[in-house]
>>> print(open('query28.cif').read())   # mmCIF, C-alpha atoms
data_input
loop_
_atom_site.label_atom_id
_atom_site.label_comp_id
_atom_site.auth_asym_id
_atom_site.auth_seq_id
_atom_site.Cartn_x
_atom_site.Cartn_y
_atom_site.Cartn_z
CA MET C 1 -59.09 -88.38 -1.28
CA ASP C 2 -62.30 -90.39 -1.59
CA SER C 3 -62.26 -93.33 -3.93
CA TRP C 4 -64.50 -93.29 -6.99
CA LYS C 5 -66.69 -95.82 -5.23
CA ASP C 6 -67.57 -93.20 -2.63
CA ARG C 7 -69.35 -91.20 -5.32
CA TYR C 8 -71.98 -93.92 -5.77
CA GLN C 9 -74.52 -94.52 -3.03
CA PRO C 10 -77.92 -96.24 -2.97
CA LEU C 11 -80.39 -94.07 -4.85
CA GLU C 12 -84.13 -94.29 -4.24
CA LEU C 13 -86.30 -93.36 -7.23
CA GLY C 14 -90.04 -93.18 -7.72
CA LYS C 15 -92.19 -95.10 -5.26
CA ASN C 16 -90.47 -98.47 -5.12
CA LEU C 17 -87.16 -98.43 -7.02
CA ILE C 18 -83.64 -98.24 -5.63
CA VAL C 19 -80.40 -98.28 -7.62
CA LEU C 20 -77.61 -100.05 -5.76
CA PRO C 21 -73.90 -100.09 -6.65
CA ALA C 22 -72.79 -103.68 -7.15
CA TRP C 23 -70.62 -103.69 -4.03
CA VAL C 24 -73.47 -102.68 -1.68
CA ASN C 25 -75.26 -105.42 0.25
CA PRO C 26 -78.55 -106.09 -1.58
CA GLY C 27 -80.21 -106.09 1.83
CA ALA C 28 -79.85 -102.31 1.72
CA ALA C 29 -82.82 -102.28 -0.67
CA GLY C 30 -85.19 -103.13 2.16
CA GLN C 31 -88.70 -103.35 0.69
CA LYS C 32 -87.67 -101.49 -2.48
CA LEU C 33 -87.11 -103.12 -5.86
CA PRO C 34 -83.32 -103.24 -6.32
CA ILE C 35 -81.56 -102.41 -9.56
CA ILE C 36 -77.95 -103.45 -9.04
CA ILE C 37 -75.47 -101.70 -11.32
CA SER C 38 -71.69 -101.69 -11.53
CA PRO C 39 -70.77 -98.04 -12.16
CA ASP C 40 -67.25 -98.81 -13.39
CA MET C 41 -68.27 -98.52 -17.05
CA ALA C 42 -69.50 -95.28 -18.60
CA PHE C 43 -72.79 -96.56 -20.01
CA GLY C 44 -75.33 -95.22 -17.54
CA THR C 45 -75.24 -95.71 -13.80
CA GLY C 46 -78.47 -94.10 -12.68
CA THR C 47 -76.83 -90.87 -11.54
CA HIS C 48 -77.84 -88.81 -14.60
CA PRO C 49 -81.15 -86.91 -14.28
CA SER C 50 -82.36 -88.30 -17.61
CA THR C 51 -81.81 -91.91 -16.56
CA GLN C 52 -83.54 -91.23 -13.26
CA LEU C 53 -86.50 -89.67 -15.05
CA CYS C 54 -86.77 -92.68 -17.37
CA LEU C 55 -86.82 -95.05 -14.39
CA ILE C 56 -89.48 -92.96 -12.64
CA THR C 57 -91.54 -92.81 -15.83
CA LEU C 58 -91.30 -96.54 -16.45
CA GLU C 59 -92.55 -97.19 -12.93
CA LYS C 60 -95.32 -94.61 -13.33
CA TYR C 61 -96.73 -96.14 -16.52
CA GLY C 62 -95.85 -99.75 -15.71
CA CYS C 63 -94.98 -102.72 -17.86
CA ARG C 64 -96.25 -105.73 -15.91
CA GLY C 65 -96.97 -108.65 -18.21
CA GLN C 66 -95.85 -106.70 -21.27
CA ASN C 67 -92.92 -106.90 -23.64
CA VAL C 68 -90.45 -104.00 -23.42
CA LEU C 69 -87.90 -102.69 -25.92
CA ASP C 70 -84.88 -100.72 -24.63
CA ILE C 71 -83.28 -98.94 -27.59
CA GLY C 72 -79.75 -97.80 -26.76
CA CYS C 73 -79.63 -99.95 -23.64
CA GLY C 74 -76.21 -98.75 -22.42
CA SER C 75 -75.63 -100.39 -19.04
CA GLY C 76 -78.92 -102.28 -19.18
CA ILE C 77 -80.33 -100.29 -16.27
CA LEU C 78 -83.72 -99.64 -17.88
CA SER C 79 -84.05 -103.24 -19.08
CA ILE C 80 -83.29 -104.50 -15.58
CA ALA C 81 -85.84 -102.09 -14.11
CA ALA C 82 -88.44 -103.40 -16.57
CA VAL C 83 -87.93 -106.95 -15.32
CA ARG C 84 -88.16 -105.76 -11.71
CA LEU C 85 -91.45 -104.07 -12.60
CA GLY C 86 -92.87 -107.30 -13.99
CA ALA C 87 -92.20 -107.12 -17.73
CA ASP C 88 -92.74 -110.33 -19.66
CA ARG C 89 -89.96 -110.24 -22.28
CA VAL C 90 -87.31 -107.53 -22.59
CA LEU C 91 -85.03 -106.81 -25.55
CA GLY C 92 -82.21 -104.31 -25.17
CA VAL C 93 -80.17 -103.19 -28.18
CA ASP C 94 -77.18 -100.87 -28.46
CA PHE C 95 -75.12 -99.91 -31.50
CA ASP C 96 -71.90 -100.10 -29.42
CA PRO C 97 -70.74 -103.73 -29.09
CA ILE C 98 -68.85 -102.86 -25.89
CA ALA C 99 -72.15 -102.09 -24.17
CA ILE C 100 -73.50 -105.62 -24.46
CA PRO C 101 -71.06 -107.32 -22.04
CA SER C 102 -71.73 -104.48 -19.58
CA CYS C 103 -75.47 -105.12 -19.86
CA GLU C 104 -75.05 -108.84 -19.40
CA ARG C 105 -72.78 -108.33 -16.41
CA ASN C 106 -75.29 -106.05 -14.74
CA ALA C 107 -78.12 -108.46 -15.51
CA ALA C 108 -76.10 -111.18 -13.78
CA PHE C 109 -75.68 -108.97 -10.69
CA ASN C 110 -79.47 -108.88 -10.55
CA GLY C 111 -79.90 -112.61 -11.04
CA MET C 112 -81.42 -112.04 -14.46
CA GLU C 113 -79.19 -114.20 -16.64
CA GLY C 114 -81.29 -115.21 -19.61
CA ARG C 115 -84.21 -113.00 -18.54
CA ILE C 116 -83.20 -110.16 -20.87
CA LEU C 117 -82.06 -110.46 -24.47
CA PHE C 118 -79.24 -108.01 -25.23
CA GLU C 119 -78.05 -107.55 -28.81
CA VAL C 120 -75.90 -105.22 -30.86
CA GLY C 121 -78.17 -103.13 -33.05
CA THR C 122 -80.52 -100.19 -33.44
CA HIS C 123 -84.26 -99.70 -33.90
CA THR C 124 -83.92 -100.67 -37.57
CA ASP C 125 -82.49 -104.04 -36.51
CA VAL C 126 -85.43 -104.49 -34.15
CA LEU C 127 -87.83 -103.81 -37.01
CA SER C 128 -86.15 -106.48 -39.13
CA ARG C 129 -86.82 -109.19 -36.54
CA SER C 130 -89.19 -112.01 -37.41
CA ASP C 131 -90.45 -112.64 -33.87
CA ASP C 132 -92.85 -110.78 -31.58
CA LEU C 133 -90.10 -108.48 -30.29
CA LYS C 134 -90.11 -106.30 -33.39
CA GLN C 135 -92.79 -104.27 -31.62
CA ALA C 136 -93.74 -103.74 -27.99
CA PRO C 137 -96.35 -101.86 -25.97
CA VAL C 138 -93.57 -100.17 -24.00
CA VAL C 139 -90.51 -98.78 -25.79
CA LEU C 140 -87.69 -96.81 -24.16
CA ALA C 141 -84.94 -94.76 -25.78
CA ASN C 142 -82.69 -92.69 -23.52
CA ILE C 143 -80.12 -91.34 -25.96
CA LEU C 144 -79.71 -87.76 -27.29
CA ALA C 145 -82.32 -85.49 -28.82
CA HIS C 146 -80.81 -85.14 -32.30
CA ILE C 147 -80.38 -88.91 -32.53
CA LEU C 148 -83.96 -89.46 -31.37
CA VAL C 149 -85.21 -87.14 -34.13
CA LYS C 150 -83.29 -89.14 -36.73
CA MET C 151 -84.62 -92.39 -35.26
CA LEU C 152 -88.18 -91.09 -35.43
CA GLU C 153 -87.57 -90.25 -39.08
CA THR C 154 -86.38 -93.80 -39.74
CA GLY C 155 -89.04 -95.93 -38.11
CA LEU C 156 -88.69 -95.71 -34.32
CA ALA C 157 -92.47 -95.24 -33.99
CA ASP C 158 -92.98 -98.54 -35.81
CA THR C 159 -91.42 -100.39 -32.86
CA VAL C 160 -94.35 -99.26 -30.69
CA SER C 161 -97.47 -101.41 -30.70
CA SER C 162 -100.88 -99.84 -31.30
CA LYS C 163 -101.98 -97.95 -28.16
CA GLY C 164 -98.46 -98.44 -26.76
CA ILE C 165 -96.18 -95.85 -25.22
CA LEU C 166 -92.78 -94.51 -26.20
CA ILE C 167 -90.60 -93.06 -23.43
CA LEU C 168 -87.85 -90.80 -24.75
CA GLY C 169 -84.99 -89.41 -22.63
CA GLY C 170 -81.68 -87.65 -23.09
CA ILE C 171 -83.48 -84.45 -24.09
CA LEU C 172 -82.69 -80.94 -22.89
CA ASP C 173 -85.71 -78.73 -22.31
CA THR C 174 -84.69 -76.55 -25.26
CA GLN C 175 -84.78 -79.62 -27.53
CA ALA C 176 -88.18 -80.97 -26.50
CA GLU C 177 -90.11 -79.19 -29.23
CA SER C 178 -88.04 -80.68 -32.07
CA VAL C 179 -88.52 -84.20 -30.68
CA THR C 180 -92.24 -83.62 -30.17
CA GLN C 181 -92.65 -82.40 -33.75
CA ALA C 182 -90.81 -85.43 -35.14
CA ALA C 183 -92.99 -87.72 -33.04
CA ALA C 184 -96.20 -86.00 -34.16
CA GLN C 185 -95.29 -86.67 -37.77
CA ASN C 186 -95.22 -90.37 -36.93
CA ASN C 187 -98.64 -90.91 -35.35
CA LEU C 188 -97.44 -90.30 -31.78
CA SER C 189 -99.20 -87.99 -29.33
CA LEU C 190 -97.43 -86.38 -26.37
CA ILE C 191 -99.17 -87.43 -23.15
CA ASP C 192 -96.66 -86.53 -20.43
CA THR C 193 -93.50 -84.53 -19.75
CA LEU C 194 -91.29 -85.11 -16.72
CA THR C 195 -88.51 -82.68 -15.84
CA ASP C 196 -85.39 -82.59 -13.69
CA GLN C 197 -83.07 -79.61 -13.92
CA ASP C 198 -82.61 -78.91 -17.65
CA TRP C 199 -83.56 -82.44 -18.69
CA VAL C 200 -86.92 -83.74 -19.82
CA VAL C 201 -88.43 -87.13 -20.54
CA LEU C 202 -91.27 -87.17 -23.04
CA VAL C 203 -93.96 -89.85 -23.08
CA PHE C 204 -95.86 -90.47 -26.30
CA LYS C 205 -98.83 -92.69 -27.05
CA LYS C 206 -99.34 -94.40 -30.38
CA ALA C 207 -102.75 -94.18 -32.00
#
>>> encode(input="query28.cif", output="structure tokens")
Amino acid sequence: MDSWKDRYQPLELGKNLIVLPAWVNPGAAGQKLPIIISPDMAFGTGTHPSTQLCLITLEKYGCRGQNVLDIGCGSGILSIAAVRLGADRVLGVDFDPIAIPSCERNAAFNGMEGRILFEVGTHTDVLSRSDDLKQAPVVLANILAHILVKMLETGLADTVSSKGILILGGILDTQAESVTQAAAQNNLSLIDTLTDQDWVVLVFKKA
């Protein structure tokens, strides 16, 4: 029987990204931008279509020189990708305290110790900050549709800077309309939809 490690192989995404299991030689990335992840914790390894769509979307819209917020950061995979893509400052928050050591471990695999700020919390904790990371021009939340709707009702849109974008994942195609309606009620306009199987990622722009 194959070991669980055999289930994880280098995964090329978008134009320049590649997700590598932590035990694979980083040289396998070639000219791609490597995102090194240890898949031994169930917080997001890059194999789920929604995570892949979020990575592709982040690359498509870019974040070079910008601050990025990763709400529900899980394994830290999206935060790490943001740094690879040239983000200035990145804050990742997750309500589950167990996620934070996983994020920090994965950041270390990528040589990003201290480059990303990981904290226990939610979007409401981000909004209570007193520094310039209470808002960002690029905000990501790859969670679940019903949670995203509740977050939109409780201030998620306020974490997005004026003219910024909000990338939402973890949404089944049958749930997209409810998320879009909640976003529209909070000054967000749908500008893009990416799909993979039954999953969608929605991209909104703030007025």
>>> closest_residue(input="query28.cif", among="C:Gly155, C:Pro26, C:Gly74, C:Gly111", to="Ser128 of chain C", atoms="all atoms listed in the file")
C:Gly155
>>> atom_distance(input="query28.cif", atom1="atom CA of Ile77 of chain C", atom2="atom CA of Leu20 of chain C")
10.9 Å
>>> resolve_selection(input="query28.cif", expression="the PyMOL selection byres ((chain C and resi 169) around 12)", output="PyMOL selection string")
chain C and resi 48-58+70-73+78+139-149+166-168+170-173+175-176+179-180+193-196+198-204
>>> residues_around(input="query28.cif", residues="Val24 of chain C", least_positions_apart="2", cutoff="12 Å", atoms="all atoms listed in the file", output="PyMOL selection string")
chain C and resi 5-6+8-11+18-22+26-29+34-39+109
>>> atom_distance(input="query28.cif", atom1="atom CA of Ala157 of chain C", atom2="atom CA of Leu190 of chain C")
12.7 Å
>>> resolve_selection(input="query28.cif", expression="the PyMOL selection byres ((chain C and resi 79) around 8)", output="list in words")
Val68, Leu69, Asp70, Cys73, Gly76, Ile77, Leu78, Ile80, Ala81, Ala82, Val83, Val90, Leu91, Gly92 and Ile116 of chain C
>>> closest_residue(input="query28.cif", among="C:Arg105, C:Arg64, C:Lys134, C:Lys163", to="Asp88 of chain C", atoms="all atoms listed in the file")
C:Arg64
>>> atom_distance(input="query28.cif", atom1="atom CA of Asn186 of chain C", atom2="atom CA of Val120 of chain C")
25.1 Å
>>> closest_residue(input="query28.cif", among="C:Val93, C:Ala182, C:Leu188, C:Ile98", to="Glu119 of chain C", atoms="only C-alpha atoms")
C:Val93
>>> closest_residue(input="query28.cif", among="C:Ala207, C:Ile165, C:Ile100, C:Ala108", to="Lys60 of chain C", atoms="all atoms listed in the file")
C:Ile165
>>> resolve_selection(input="query28.cif", expression="the PyMOL selection byres ((chain C and resi 160) around 8)", output="PyMOL selection string")
chain C and resi 135-139+156-159+161-162+164-166+206
>>> closest_residue(input="query28.cif", among="C:Ser75, C:Thr154, C:Asn67, C:Gln197", to="Thr174 of chain C", atoms="only C-alpha atoms")
C:Gln197
>>> closest_residue(input="query28.cif", among="C:Glu177, C:Glu104, C:Glu153, C:Asp96", to="Thr124 of chain C", atoms="all atoms listed in the file")
C:Glu153
>>> axis_aligned_box(input="query28.cif", around="segment 100-107 of chain C", padding_each_side="6 Å", output="AutoDock Vina command-line options")
--center_x -74.6 --center_y -106.7 --center_z -19.6 --size_x 19.1 --size_y 16.4 --size_z 21.7
>>> decode(input="query28.cif", residues="segment 136-172 of chain C", atoms="N, CA, C and O atoms", output="PDB file, in the first residue's frame")
ATOM      1  N   ALA C 136      -6.820  46.184   3.963  1.00  0.00           N
ATOM      2  CA  ALA C 136      -5.820  45.906   2.942  1.00  0.00           C
ATOM      3  C   ALA C 136      -6.469  45.964   1.567  1.00  0.00           C
ATOM      4  O   ALA C 136      -7.674  45.751   1.431  1.00  0.00           O
ATOM      5  N   PRO C 137      -5.668  46.242   0.541  1.00  0.00           N
ATOM      6  CA  PRO C 137      -6.199  46.262  -0.814  1.00  0.00           C
ATOM      7  C   PRO C 137      -6.466  44.875  -1.390  1.00  0.00           C
ATOM      8  O   PRO C 137      -7.134  44.754  -2.416  1.00  0.00           O
ATOM      9  N   VAL C 138      -5.929  43.848  -0.743  1.00  0.00           N
ATOM     10  CA  VAL C 138      -6.197  42.472  -1.149  1.00  0.00           C
ATOM     11  C   VAL C 138      -6.558  41.668   0.099  1.00  0.00           C
ATOM     12  O   VAL C 138      -5.751  41.562   1.024  1.00  0.00           O
ATOM     13  N   VAL C 139      -7.777  41.131   0.111  1.00  0.00           N
ATOM     14  CA  VAL C 139      -8.246  40.330   1.242  1.00  0.00           C
ATOM     15  C   VAL C 139      -8.731  38.983   0.717  1.00  0.00           C
ATOM     16  O   VAL C 139      -9.455  38.921  -0.282  1.00  0.00           O
ATOM     17  N   LEU C 140      -8.306  37.912   1.391  1.00  0.00           N
ATOM     18  CA  LEU C 140      -8.673  36.548   1.015  1.00  0.00           C
ATOM     19  C   LEU C 140      -9.431  35.890   2.153  1.00  0.00           C
ATOM     20  O   LEU C 140      -9.078  36.064   3.324  1.00  0.00           O
ATOM     21  N   ALA C 141     -10.455  35.123   1.808  1.00  0.00           N
ATOM     22  CA  ALA C 141     -11.149  34.303   2.805  1.00  0.00           C
ATOM     23  C   ALA C 141     -11.636  33.039   2.110  1.00  0.00           C
ATOM     24  O   ALA C 141     -12.584  33.068   1.328  1.00  0.00           O
ATOM     25  N   ASN C 142     -10.955  31.936   2.364  1.00  0.00           N
ATOM     26  CA  ASN C 142     -11.299  30.641   1.781  1.00  0.00           C
ATOM     27  C   ASN C 142     -11.847  29.772   2.906  1.00  0.00           C
ATOM     28  O   ASN C 142     -11.099  29.071   3.575  1.00  0.00           O
ATOM     29  N   ILE C 143     -13.152  29.859   3.125  1.00  0.00           N
ATOM     30  CA  ILE C 143     -13.733  29.205   4.304  1.00  0.00           C
ATOM     31  C   ILE C 143     -14.913  28.342   3.853  1.00  0.00           C
ATOM     32  O   ILE C 143     -14.720  27.352   3.164  1.00  0.00           O
ATOM     33  N   LEU C 144     -16.125  28.717   4.201  1.00  0.00           N
ATOM     34  CA  LEU C 144     -17.353  28.046   3.777  1.00  0.00           C
ATOM     35  C   LEU C 144     -18.392  29.123   3.505  1.00  0.00           C
ATOM     36  O   LEU C 144     -18.413  30.161   4.170  1.00  0.00           O
ATOM     37  N   ALA C 145     -19.287  28.858   2.571  1.00  0.00           N
ATOM     38  CA  ALA C 145     -20.213  29.886   2.112  1.00  0.00           C
ATOM     39  C   ALA C 145     -21.057  30.476   3.233  1.00  0.00           C
ATOM     40  O   ALA C 145     -21.188  31.700   3.345  1.00  0.00           O
ATOM     41  N   HIS C 146     -21.657  29.629   4.081  1.00  0.00           N
ATOM     42  CA  HIS C 146     -22.543  30.169   5.113  1.00  0.00           C
ATOM     43  C   HIS C 146     -21.773  31.005   6.126  1.00  0.00           C
ATOM     44  O   HIS C 146     -22.314  31.973   6.672  1.00  0.00           O
ATOM     45  N   ILE C 147     -20.504  30.662   6.354  1.00  0.00           N
ATOM     46  CA  ILE C 147     -19.676  31.465   7.254  1.00  0.00           C
ATOM     47  C   ILE C 147     -19.314  32.788   6.583  1.00  0.00           C
ATOM     48  O   ILE C 147     -19.320  33.846   7.219  1.00  0.00           O
ATOM     49  N   LEU C 148     -19.022  32.746   5.293  1.00  0.00           N
ATOM     50  CA  LEU C 148     -18.711  33.975   4.563  1.00  0.00           C
ATOM     51  C   LEU C 148     -19.881  34.946   4.592  1.00  0.00           C
ATOM     52  O   LEU C 148     -19.688  36.155   4.749  1.00  0.00           O
ATOM     53  N   VAL C 149     -21.099  34.426   4.445  1.00  0.00           N
ATOM     54  CA  VAL C 149     -22.283  35.293   4.501  1.00  0.00           C
ATOM     55  C   VAL C 149     -22.367  35.978   5.859  1.00  0.00           C
ATOM     56  O   VAL C 149     -22.593  37.193   5.952  1.00  0.00           O
ATOM     57  N   LYS C 150     -22.158  35.217   6.922  1.00  0.00           N
ATOM     58  CA  LYS C 150     -22.199  35.797   8.267  1.00  0.00           C
ATOM     59  C   LYS C 150     -21.088  36.820   8.454  1.00  0.00           C
ATOM     60  O   LYS C 150     -21.280  37.866   9.082  1.00  0.00           O
ATOM     61  N   MET C 151     -19.918  36.538   7.894  1.00  0.00           N
ATOM     62  CA  MET C 151     -18.800  37.479   8.002  1.00  0.00           C
ATOM     63  C   MET C 151     -19.098  38.765   7.246  1.00  0.00           C
ATOM     64  O   MET C 151     -18.753  39.862   7.704  1.00  0.00           O
ATOM     65  N   LEU C 152     -19.733  38.648   6.088  1.00  0.00           N
ATOM     66  CA  LEU C 152     -20.103  39.840   5.331  1.00  0.00           C
ATOM     67  C   LEU C 152     -21.134  40.674   6.090  1.00  0.00           C
ATOM     68  O   LEU C 152     -21.142  41.905   5.996  1.00  0.00           O
ATOM     69  N   GLU C 153     -21.964  40.002   6.860  1.00  0.00           N
ATOM     70  CA  GLU C 153     -22.963  40.710   7.659  1.00  0.00           C
ATOM     71  C   GLU C 153     -22.366  41.370   8.892  1.00  0.00           C
ATOM     72  O   GLU C 153     -23.019  42.211   9.525  1.00  0.00           O
ATOM     73  N   THR C 154     -21.131  40.991   9.218  1.00  0.00           N
ATOM     74  CA  THR C 154     -20.505  41.512  10.447  1.00  0.00           C
ATOM     75  C   THR C 154     -19.186  42.220  10.169  1.00  0.00           C
ATOM     76  O   THR C 154     -18.285  42.226  11.014  1.00  0.00           O
ATOM     77  N   GLY C 155     -19.065  42.810   8.970  1.00  0.00           N
ATOM     78  CA  GLY C 155     -17.952  43.716   8.743  1.00  0.00           C
ATOM     79  C   GLY C 155     -16.813  43.246   7.872  1.00  0.00           C
ATOM     80  O   GLY C 155     -15.811  43.967   7.755  1.00  0.00           O
ATOM     81  N   LEU C 156     -16.913  42.072   7.246  1.00  0.00           N
ATOM     82  CA  LEU C 156     -15.792  41.601   6.418  1.00  0.00           C
ATOM     83  C   LEU C 156     -15.420  42.617   5.347  1.00  0.00           C
ATOM     84  O   LEU C 156     -14.236  42.847   5.077  1.00  0.00           O
ATOM     85  N   ALA C 157     -16.427  43.253   4.741  1.00  0.00           N
ATOM     86  CA  ALA C 157     -16.142  44.233   3.681  1.00  0.00           C
ATOM     87  C   ALA C 157     -15.317  45.411   4.189  1.00  0.00           C
ATOM     88  O   ALA C 157     -14.581  46.042   3.414  1.00  0.00           O
ATOM     89  N   ASP C 158     -15.409  45.692   5.480  1.00  0.00           N
ATOM     90  CA  ASP C 158     -14.666  46.822   6.046  1.00  0.00           C
ATOM     91  C   ASP C 158     -13.166  46.550   6.123  1.00  0.00           C
ATOM     92  O   ASP C 158     -12.382  47.486   6.323  1.00  0.00           O
ATOM     93  N   THR C 159     -12.767  45.284   5.965  1.00  0.00           N
ATOM     94  CA  THR C 159     -11.335  44.976   5.958  1.00  0.00           C
ATOM     95  C   THR C 159     -10.701  45.275   4.604  1.00  0.00           C
ATOM     96  O   THR C 159      -9.474  45.248   4.473  1.00  0.00           O
ATOM     97  N   VAL C 160     -11.527  45.563   3.599  1.00  0.00           N
ATOM     98  CA  VAL C 160     -11.038  45.822   2.251  1.00  0.00           C
ATOM     99  C   VAL C 160     -10.886  47.334   2.039  1.00  0.00           C
ATOM    100  O   VAL C 160     -11.827  48.090   2.271  1.00  0.00           O
ATOM    101  N   SER C 161      -9.720  47.743   1.607  1.00  0.00           N
ATOM    102  CA  SER C 161      -9.493  49.158   1.326  1.00  0.00           C
ATOM    103  C   SER C 161     -10.340  49.613   0.140  1.00  0.00           C
ATOM    104  O   SER C 161     -10.765  48.802  -0.685  1.00  0.00           O
ATOM    105  N   SER C 162     -10.555  50.926   0.044  1.00  0.00           N
ATOM    106  CA  SER C 162     -11.271  51.485  -1.103  1.00  0.00           C
ATOM    107  C   SER C 162     -10.589  51.077  -2.403  1.00  0.00           C
ATOM    108  O   SER C 162      -9.366  51.129  -2.509  1.00  0.00           O
ATOM    109  N   LYS C 163     -11.362  50.603  -3.353  1.00  0.00           N
ATOM    110  CA  LYS C 163     -10.897  50.127  -4.660  1.00  0.00           C
ATOM    111  C   LYS C 163     -10.156  48.792  -4.552  1.00  0.00           C
ATOM    112  O   LYS C 163      -9.594  48.313  -5.559  1.00  0.00           O
ATOM    113  N   GLY C 164     -10.152  48.188  -3.357  1.00  0.00           N
ATOM    114  CA  GLY C 164      -9.482  46.908  -3.175  1.00  0.00           C
ATOM    115  C   GLY C 164     -10.341  45.742  -3.613  1.00  0.00           C
ATOM    116  O   GLY C 164     -11.514  45.905  -3.978  1.00  0.00           O
ATOM    117  N   ILE C 165      -9.750  44.540  -3.562  1.00  0.00           N
ATOM    118  CA  ILE C 165     -10.481  43.344  -3.954  1.00  0.00           C
ATOM    119  C   ILE C 165     -10.605  42.366  -2.800  1.00  0.00           C
ATOM    120  O   ILE C 165      -9.739  42.303  -1.913  1.00  0.00           O
ATOM    121  N   LEU C 166     -11.706  41.618  -2.832  1.00  0.00           N
ATOM    122  CA  LEU C 166     -11.981  40.572  -1.854  1.00  0.00           C
ATOM    123  C   LEU C 166     -12.147  39.272  -2.612  1.00  0.00           C
ATOM    124  O   LEU C 166     -13.013  39.152  -3.485  1.00  0.00           O
ATOM    125  N   ILE C 167     -11.300  38.292  -2.312  1.00  0.00           N
ATOM    126  CA  ILE C 167     -11.327  36.989  -2.958  1.00  0.00           C
ATOM    127  C   ILE C 167     -11.931  35.987  -1.985  1.00  0.00           C
ATOM    128  O   ILE C 167     -11.372  35.742  -0.910  1.00  0.00           O
ATOM    129  N   LEU C 168     -13.075  35.421  -2.348  1.00  0.00           N
ATOM    130  CA  LEU C 168     -13.791  34.509  -1.461  1.00  0.00           C
ATOM    131  C   LEU C 168     -13.843  33.112  -2.065  1.00  0.00           C
ATOM    132  O   LEU C 168     -14.261  32.922  -3.215  1.00  0.00           O
ATOM    133  N   GLY C 169     -13.434  32.110  -1.272  1.00  0.00           N
ATOM    134  CA  GLY C 169     -13.454  30.716  -1.707  1.00  0.00           C
ATOM    135  C   GLY C 169     -14.168  29.836  -0.696  1.00  0.00           C
ATOM    136  O   GLY C 169     -14.628  30.293   0.349  1.00  0.00           O
ATOM    137  N   GLY C 170     -14.253  28.548  -1.029  1.00  0.00           N
ATOM    138  CA  GLY C 170     -14.973  27.607  -0.190  1.00  0.00           C
ATOM    139  C   GLY C 170     -16.457  27.599  -0.501  1.00  0.00           C
ATOM    140  O   GLY C 170     -17.271  27.250   0.345  1.00  0.00           O
ATOM    141  N   ILE C 171     -16.801  27.975  -1.734  1.00  0.00           N
ATOM    142  CA  ILE C 171     -18.192  28.187  -2.115  1.00  0.00           C
ATOM    143  C   ILE C 171     -18.587  27.188  -3.199  1.00  0.00           C
ATOM    144  O   ILE C 171     -17.931  27.092  -4.247  1.00  0.00           O
ATOM    145  N   LEU C 172     -19.653  26.445  -2.971  1.00  0.00           N
ATOM    146  CA  LEU C 172     -20.208  25.586  -4.011  1.00  0.00           C
ATOM    147  C   LEU C 172     -20.982  26.446  -5.005  1.00  0.00           C
ATOM    148  O   LEU C 172     -21.505  27.509  -4.644  1.00  0.00           O
TER     149      LEU C 172
END
